[in-house]
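Novice: mmCIF, C-alpha atoms, file protein29.cif:
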```cif
data_protein
loop_
_atom_site.label_atom_id
_atom_site.label_comp_id
_atom_site.auth_asym_id
_atom_site.auth_seq_id
_atom_site.Cartn_x
_atom_site.Cartn_y
_atom_site.Cartn_z
CA MET A 1 -18.80 30.74 29.45
CA TYR A 2 -16.21 27.93 29.50
CA ARG A 3 -18.96 25.46 28.64
CA PHE A 4 -20.03 27.58 25.64
CA PHE A 5 -16.50 27.61 24.13
CA TYR A 6 -16.14 23.90 24.84
CA LEU A 7 -19.34 23.17 22.87
CA ILE A 8 -18.26 25.40 19.96
CA PHE A 9 -14.81 23.76 19.83
CA SER A 10 -16.32 20.27 19.97
CA PHE A 11 -18.72 21.10 17.14
CA LEU A 12 -15.98 22.44 14.87
CA PHE A 13 -13.71 19.49 15.67
CA LEU A 14 -16.40 16.98 14.70
CA MET A 15 -17.25 18.86 11.51
CA GLY A 16 -13.65 18.49 10.40
CA PHE A 17 -14.05 14.70 10.30
CA THR A 18 -17.46 14.54 8.66
CA GLY A 19 -19.16 15.95 5.56
CA CYS A 20 -17.48 19.36 5.62
CA THR A 21 -14.12 17.97 4.48
CA THR A 22 -13.53 17.85 0.72
CA THR A 23 -11.75 15.10 -1.16
CA GLN A 24 -10.22 15.92 -4.51
CA LYS A 25 -11.30 13.41 -7.12
CA ALA A 26 -8.32 11.74 -8.78
CA ASP A 27 -8.09 11.79 -12.57
CA HIS A 28 -7.21 8.09 -12.50
CA PRO A 29 -6.47 5.41 -9.91
CA ALA A 30 -3.05 5.18 -8.32
CA ILE A 31 -0.49 3.75 -10.70
CA HIS A 32 0.50 0.26 -9.66
CA PRO A 33 4.28 -0.09 -9.80
CA LEU A 34 6.03 -2.79 -11.76
CA THR A 35 6.95 -5.54 -9.27
CA PHE A 36 9.10 -8.67 -8.99
CA GLU A 37 5.88 -10.68 -8.99
CA ASP A 38 4.94 -9.13 -12.35
CA ALA A 39 8.31 -10.04 -13.86
CA ARG A 40 8.23 -13.59 -12.49
CA GLY A 41 4.66 -13.98 -13.74
CA MET A 42 5.84 -13.08 -17.24
CA TYR A 43 9.02 -15.18 -17.28
CA ASN A 44 10.00 -18.07 -15.04
CA LEU A 45 13.74 -17.38 -15.16
CA THR A 46 16.22 -17.60 -12.30
CA ASP A 47 17.96 -14.19 -12.39
CA VAL A 48 15.49 -11.27 -12.13
CA ARG A 49 16.74 -7.71 -11.73
CA HIS A 50 14.79 -4.48 -11.25
CA LEU A 51 16.46 -1.68 -13.21
CA HIS A 52 16.01 2.07 -13.74
CA ARG A 53 17.32 4.38 -16.44
CA THR A 54 17.07 8.17 -16.55
CA LEU A 55 16.81 9.35 -20.14
CA THR A 56 19.42 11.75 -21.43
CA ALA A 57 18.46 14.47 -23.89
CA ALA A 58 20.02 12.45 -26.73
CA GLN A 59 18.17 9.25 -25.76
CA SER A 60 14.88 11.10 -25.49
CA ARG A 61 15.33 12.68 -28.94
CA GLN A 62 16.21 9.30 -30.44
CA ILE A 63 13.19 7.56 -28.86
CA ASN A 64 10.90 10.30 -30.16
CA LYS A 65 12.44 9.94 -33.62
CA VAL A 66 12.02 6.16 -33.64
CA TYR A 67 8.40 6.44 -32.44
CA GLY A 68 7.51 9.27 -34.81
CA LYS A 69 6.42 11.91 -32.30
CA GLU A 70 7.36 13.28 -28.89
CA ILE A 71 6.63 10.72 -26.18
CA THR A 72 9.58 11.26 -23.82
CA GLN A 73 11.63 14.09 -22.36
CA GLU A 74 15.08 14.39 -20.87
CA GLY A 75 15.00 13.19 -17.27
CA ASP A 76 12.13 10.73 -17.72
CA GLU A 77 12.56 7.54 -15.67
CA VAL A 78 12.34 4.18 -17.39
CA THR A 79 11.70 1.23 -15.06
CA TYR A 80 11.90 -2.37 -16.23
CA PHE A 81 12.90 -5.89 -15.22
CA LYS A 82 15.58 -7.99 -16.83
CA SER A 83 14.92 -11.73 -16.51
CA GLU A 84 17.76 -14.04 -17.41
CA ARG A 85 18.97 -17.63 -17.37
CA ARG A 86 22.60 -18.32 -18.20
CA LYS A 87 22.68 -22.14 -18.34
CA PRO A 88 22.34 -24.44 -20.23
CA THR A 89 21.64 -21.77 -22.88
CA ARG A 90 21.43 -18.05 -22.23
CA ILE A 91 17.92 -16.59 -22.27
CA LYS A 92 17.24 -12.91 -21.68
CA ARG A 93 13.86 -11.11 -21.57
CA PHE A 94 12.68 -7.66 -20.50
CA THR A 95 9.41 -6.68 -18.80
CA PHE A 96 7.91 -3.18 -18.98
CA LEU A 97 4.64 -1.58 -17.86
CA ALA A 98 2.61 0.18 -20.56
CA LYS A 99 -0.08 2.61 -19.40
CA THR A 100 -2.93 4.34 -21.18
CA GLU A 101 -6.20 6.04 -20.35
CA GLY A 102 -9.19 6.35 -22.67
CA GLY A 103 -12.56 4.92 -23.57
CA LEU A 104 -11.85 1.65 -21.76
CA GLY A 105 -10.68 3.31 -18.53
CA TRP A 106 -7.23 3.42 -16.96
CA ILE A 107 -5.21 0.47 -18.25
CA GLU A 108 -1.88 -1.05 -17.21
CA ILE A 109 -0.39 -3.78 -19.38
CA LEU A 110 2.70 -5.90 -18.75
CA VAL A 111 4.81 -6.06 -21.90
CA GLY A 112 7.60 -8.59 -22.41
CA THR A 113 10.18 -7.99 -25.14
CA PHE A 114 12.75 -10.23 -26.81
CA GLN A 115 15.10 -9.31 -29.66
CA GLY A 116 13.15 -6.22 -30.65
CA ARG A 117 9.73 -7.90 -30.66
CA ILE A 118 6.77 -8.09 -28.33
CA ASP A 119 7.15 -11.49 -26.74
CA ARG A 120 4.30 -11.46 -24.20
CA VAL A 121 1.44 -9.12 -23.30
CA LYS A 122 -0.61 -9.45 -20.11
CA LEU A 123 -3.27 -7.19 -18.60
CA LYS A 124 -2.19 -6.04 -15.12
CA LYS A 125 -4.98 -3.64 -14.20
CA GLN A 126 -8.02 -2.07 -15.82
CA SER A 127 -10.31 0.43 -14.10
CA LEU A 128 -13.51 0.34 -16.14
CA MET A 129 -15.40 3.57 -16.71
CA ASN A 130 -18.36 4.81 -18.75
CA GLY A 131 -19.78 1.33 -19.18
CA GLY A 132 -16.60 0.08 -20.88
CA VAL A 133 -15.71 -3.55 -21.44
CA ALA A 134 -12.81 -5.65 -20.24
CA ILE A 135 -9.99 -5.97 -22.77
CA PRO A 136 -10.37 -9.34 -24.51
CA SER A 137 -7.32 -11.60 -24.41
CA GLU A 138 -7.77 -12.15 -28.17
CA PHE A 139 -7.01 -8.47 -28.76
CA LEU A 140 -3.79 -8.59 -26.74
CA ARG A 141 -2.66 -11.81 -28.46
CA GLN A 142 -2.61 -9.96 -31.81
CA LEU A 143 0.18 -7.73 -30.50
CA THR A 144 2.66 -10.50 -29.70
CA GLY A 145 5.38 -11.03 -32.28
CA ARG A 146 5.19 -7.48 -33.59
CA SER A 147 8.26 -5.29 -33.99
CA LEU A 148 8.73 -1.60 -34.76
CA GLU A 149 8.62 -2.53 -38.45
CA SER A 150 5.18 -4.16 -38.06
CA SER A 151 1.89 -2.37 -38.60
CA TRP A 152 0.51 -0.96 -35.35
CA GLU A 153 -2.53 0.59 -36.98
CA VAL A 154 -5.94 -0.62 -35.88
CA ALA A 155 -8.07 -1.68 -38.86
CA LYS A 156 -10.98 0.63 -39.66
CA ASP A 157 -12.53 -2.12 -41.76
CA PRO A 158 -12.55 -5.81 -40.70
CA ALA A 159 -11.17 -6.83 -44.12
CA GLU A 160 -7.97 -4.84 -43.43
CA VAL A 161 -6.95 -7.42 -40.85
CA PHE A 162 -6.17 -9.81 -43.71
CA THR A 163 -4.05 -7.35 -45.72
CA LEU A 164 -0.26 -7.09 -45.62
CA PRO A 165 1.11 -5.70 -43.42
CA SER A 166 -1.53 -7.13 -41.11
CA LYS A 167 -3.44 -4.46 -39.19
CA ILE A 168 -4.85 -4.95 -35.70
CA LYS A 169 -8.47 -5.98 -35.22
CA ALA A 170 -10.14 -3.47 -32.89
CA ILE A 171 -11.99 -4.33 -29.70
CA GLU A 172 -15.60 -4.30 -30.85
CA GLY A 173 -17.07 -0.82 -30.41
CA TYR A 174 -13.77 0.70 -29.22
CA PRO A 175 -11.50 1.45 -32.21
CA GLN A 176 -9.97 4.57 -30.64
CA ALA A 177 -9.23 2.82 -27.32
CA SER A 178 -7.75 -0.08 -29.28
CA GLN A 179 -5.39 2.30 -31.07
CA GLU A 180 -4.37 3.89 -27.75
CA ILE A 181 -3.39 0.47 -26.37
CA SER A 182 -1.48 -0.36 -29.55
CA ASP A 183 0.40 2.96 -29.36
CA ALA A 184 1.30 2.43 -25.69
CA ILE A 185 2.82 -0.97 -26.45
CA ARG A 186 4.71 0.32 -29.50
CA LYS A 187 6.19 3.00 -27.23
CA VAL A 188 7.82 0.21 -25.17
CA LEU A 189 9.57 -1.10 -28.30
CA ALA A 190 10.89 2.37 -29.17
CA ILE A 191 12.34 2.79 -25.67
CA ALA A 192 13.81 -0.74 -25.65
CA LYS A 193 15.48 -0.20 -29.02
CA VAL A 194 17.19 3.06 -28.08
CA LEU A 195 18.32 1.71 -24.68
CA ASN A 196 19.64 -1.48 -26.35
CA LEU A 197 17.33 -3.69 -24.29
CA GLU A 198 16.99 -6.35 -26.95
#
```
What is this file in structure tokens?
Specialist:
Amino acid sequence: MYRFFYLIFSFLFLMGFTGCTTTQKADHPAIHPLTFEDARGMYNLTDVRHLHRTLTAAQSRQINKVYGKEITQEGDEVTYFKSERRKPTRIKRFTFLAKTEGGLGWIEILVGTFQGRIDRVKLKKQSLMNGGVAIPSEFLRQLTGRSLESSWEVAKDPAEVFTLPSKIKAIEGYPQASQEISDAIRKVLAIAKVLNLE
């Protein structure tokens, strides 16, 4: 009798560590946090500080107004790095992490800002899905130098790239995903403006 219960217990114990356990599929990979290495990779400046801000109701409303639709709520955490050099001339830059998920997978992009403009853009992580393509560096380069007053619309026709204000040339075959990336980076500028990180 003891042997019978021992065999049953052993069987159930082993089943718990094999195919009978279920793993919930994640909607997207784990978000990679913004790190000191990211900030130093963007700007080679001596003083680098990791900062957090919790949005007030007023800040959230103002960010949403600047952006044009609701993208933040009261209590949202904003994490960024401030990179600075004080001598011989003062230089100050900010690094944020923009995130989006769409036709090109789960994407994390490092965004550097300076005086209300996108100063640098660098792909941190992309989890490809559905046969997507890697984001070309040429696409990201188009976003540097843009401010909130710039056009952030992705051109539906290639000729629109040469109009004023200059629209963004889409990643070939992925106009919607291109617009999602553009919107995620513009969101950084809206947050930076309201928090006076310029």
Novice: Starting from the point (-12.9, -3.4, -37.5), work out which residues of protein, DNA or RNA have an atom no more than 6 Å away when counting all atoms listed in the file; state them as a tab-separated table (two decimals) with C-alpha atoms, keeping the file's coordinate frame.
Specialist:
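result-v6.tsv, freshly written:
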```tsv
chain	number	residue	atom	x	y	z
A	155	ALA	CA	-8.07	-1.68	-38.86
A	156	LYS	CA	-10.98	0.63	-39.66
A	157	ASP	CA	-12.53	-2.12	-41.76
A	158	PRO	CA	-12.55	-5.81	-40.70
A	169	LYS	CA	-8.47	-5.98	-35.22
A	170	ALA	CA	-10.14	-3.47	-32.89
```
Novice: Let me know the residues the PyMOL selection byres ((chain A and resi 42) around 10) catches in the file above, as a ChimeraX atom specification.
Specialist: /A:36-41,43-45,83,93-95,110-112,119-122
Novice: Just say which residues the PyMOL selection byres ((chain A and resi 51) around 6) picks in this file, as an MDAnalysis selection string.
Specialist: chainID A and resid 50 52 79:81
Novice: Leaving out Glu198 in chain A and any residue of its chain fewer than 2 positions from it, which residues lie within 7 Å of it when counting only C-alpha atoms, given as JSON, numbers by chain?
Specialist: {"A": [114, 115, 116, 192, 193, 196]}
Novice: Let's have the selection written as a short mmCIF file (atom, residue, chain, number, x, y, z; two decimals), keeping the file's coordinate frame, with C-alpha atoms.
Specialist:
```
data_model
loop_
_atom_site.label_atom_id
_atom_site.label_comp_id
_atom_site.auth_asym_id
_atom_site.auth_seq_id
_atom_site.Cartn_x
_atom_site.Cartn_y
_atom_site.Cartn_z
CA PHE A 114 12.75 -10.23 -26.81
CA GLN A 115 15.10 -9.31 -29.66
CA GLY A 116 13.15 -6.22 -30.65
CA ALA A 192 13.81 -0.74 -25.65
CA LYS A 193 15.48 -0.20 -29.02
CA ASN A 196 19.64 -1.48 -26.35
#
```
Novice: Evaluating the PyMOL selection byres ((chain A and resi 178) around 12) on the displayed file yields which residues, as an MDAnalysis selection string?
Specialist: chainID A and resid 100:105 107 133:136 139:140 142:143 152:156 167:177 179:185
Novice: Would you compute, for all listed atoms of range 126-141 of chain A, the axis-aligned bounding box grown by 4 Å on each side, and then report its centre and edge lengths in Å rounded to one decimal, as AutoDock Vina command-line options?
Specialist:
```
--center_x -11.2 --center_y -3.7 --center_z -21.4 --size_x 25.1 --size_y 25.0 --size_z 22.7
```
Novice: Which residue is closest to Gly145 in chain A? Choose from A:Ser127, A:Thr113, A:Thr163, A:Thr54 and count all atoms listed in the file.
Specialist: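 Using all atoms listed in the file, the shortest distance to Gly145 in chain A belongs to A:Thr113.
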Novice: Quick one: pull the distance between CA of Ser151 in chain A and CA of Ile71 in chain A, Å, one decimal.
Specialist: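 That distance, rounded to one decimal, is 18.7 Å.
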Novice: Please, what distance in Å, to one decimal, runs between CA of Thr89 in chain A and CA of Thr46 in chain A?
Specialist: 12.6 Å
Novice: Near Glu108 in chain A, within 9 Å and counting only C-alpha atoms, which residues show up once chain neighbours fewer than 2 positions away are dropped, as a ChimeraX atom specification?
Specialist: /A:31-32,97-101,106,110,122-126
Novice: Restricting it to C-alpha atoms, dump the selection as a JSON list (two decimals), in the coordinates of the input.
Specialist:
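In the end it all went to part_38.json:
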```json
[["chain", "number", "residue", "atom", "x", "y", "z"],
["A", 31, "ILE", "CA", -0.49, 3.75, -10.70],
["A", 32, "HIS", "CA", 0.50, 0.26, -9.66],
["A", 97, "LEU", "CA", 4.64, -1.58, -17.86],
["A", 98, "ALA", "CA", 2.61, 0.18, -20.56],
["A", 99, "LYS", "CA", -0.08, 2.61, -19.40],
["A", 100, "THR", "CA", -2.93, 4.34, -21.18],
["A", 101, "GLU", "CA", -6.20, 6.04, -20.35],
["A", 106, "TRP", "CA", -7.23, 3.42, -16.96],
["A", 110, "LEU", "CA", 2.70, -5.90, -18.75],
["A", 122, "LYS", "CA", -0.61, -9.45, -20.11],
["A", 123, "LEU", "CA", -3.27, -7.19, -18.60],
["A", 124, "LYS", "CA", -2.19, -6.04, -15.12],
["A", 125, "LYS", "CA", -4.98, -3.64, -14.20],
["A", 126, "GLN", "CA", -8.02, -2.07, -15.82]]
```
Novice: Taking all atoms listed in the file into account, name the residue in A:Gly132, A:Leu195, A:Pro88, A:Lys187 that is nearest to Lys69 in chain A.
Specialist: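 For Lys69 in chain A, the nearest of the candidates is A:Lys187.
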Novice: To one decimal place in Å, what is the distance between CA of Val48 in chain A and CA of Arg90 in chain A?
Specialist: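 Separation between CA of Val48 in chain A and CA of Arg90 in chain A: 13.5 Å.
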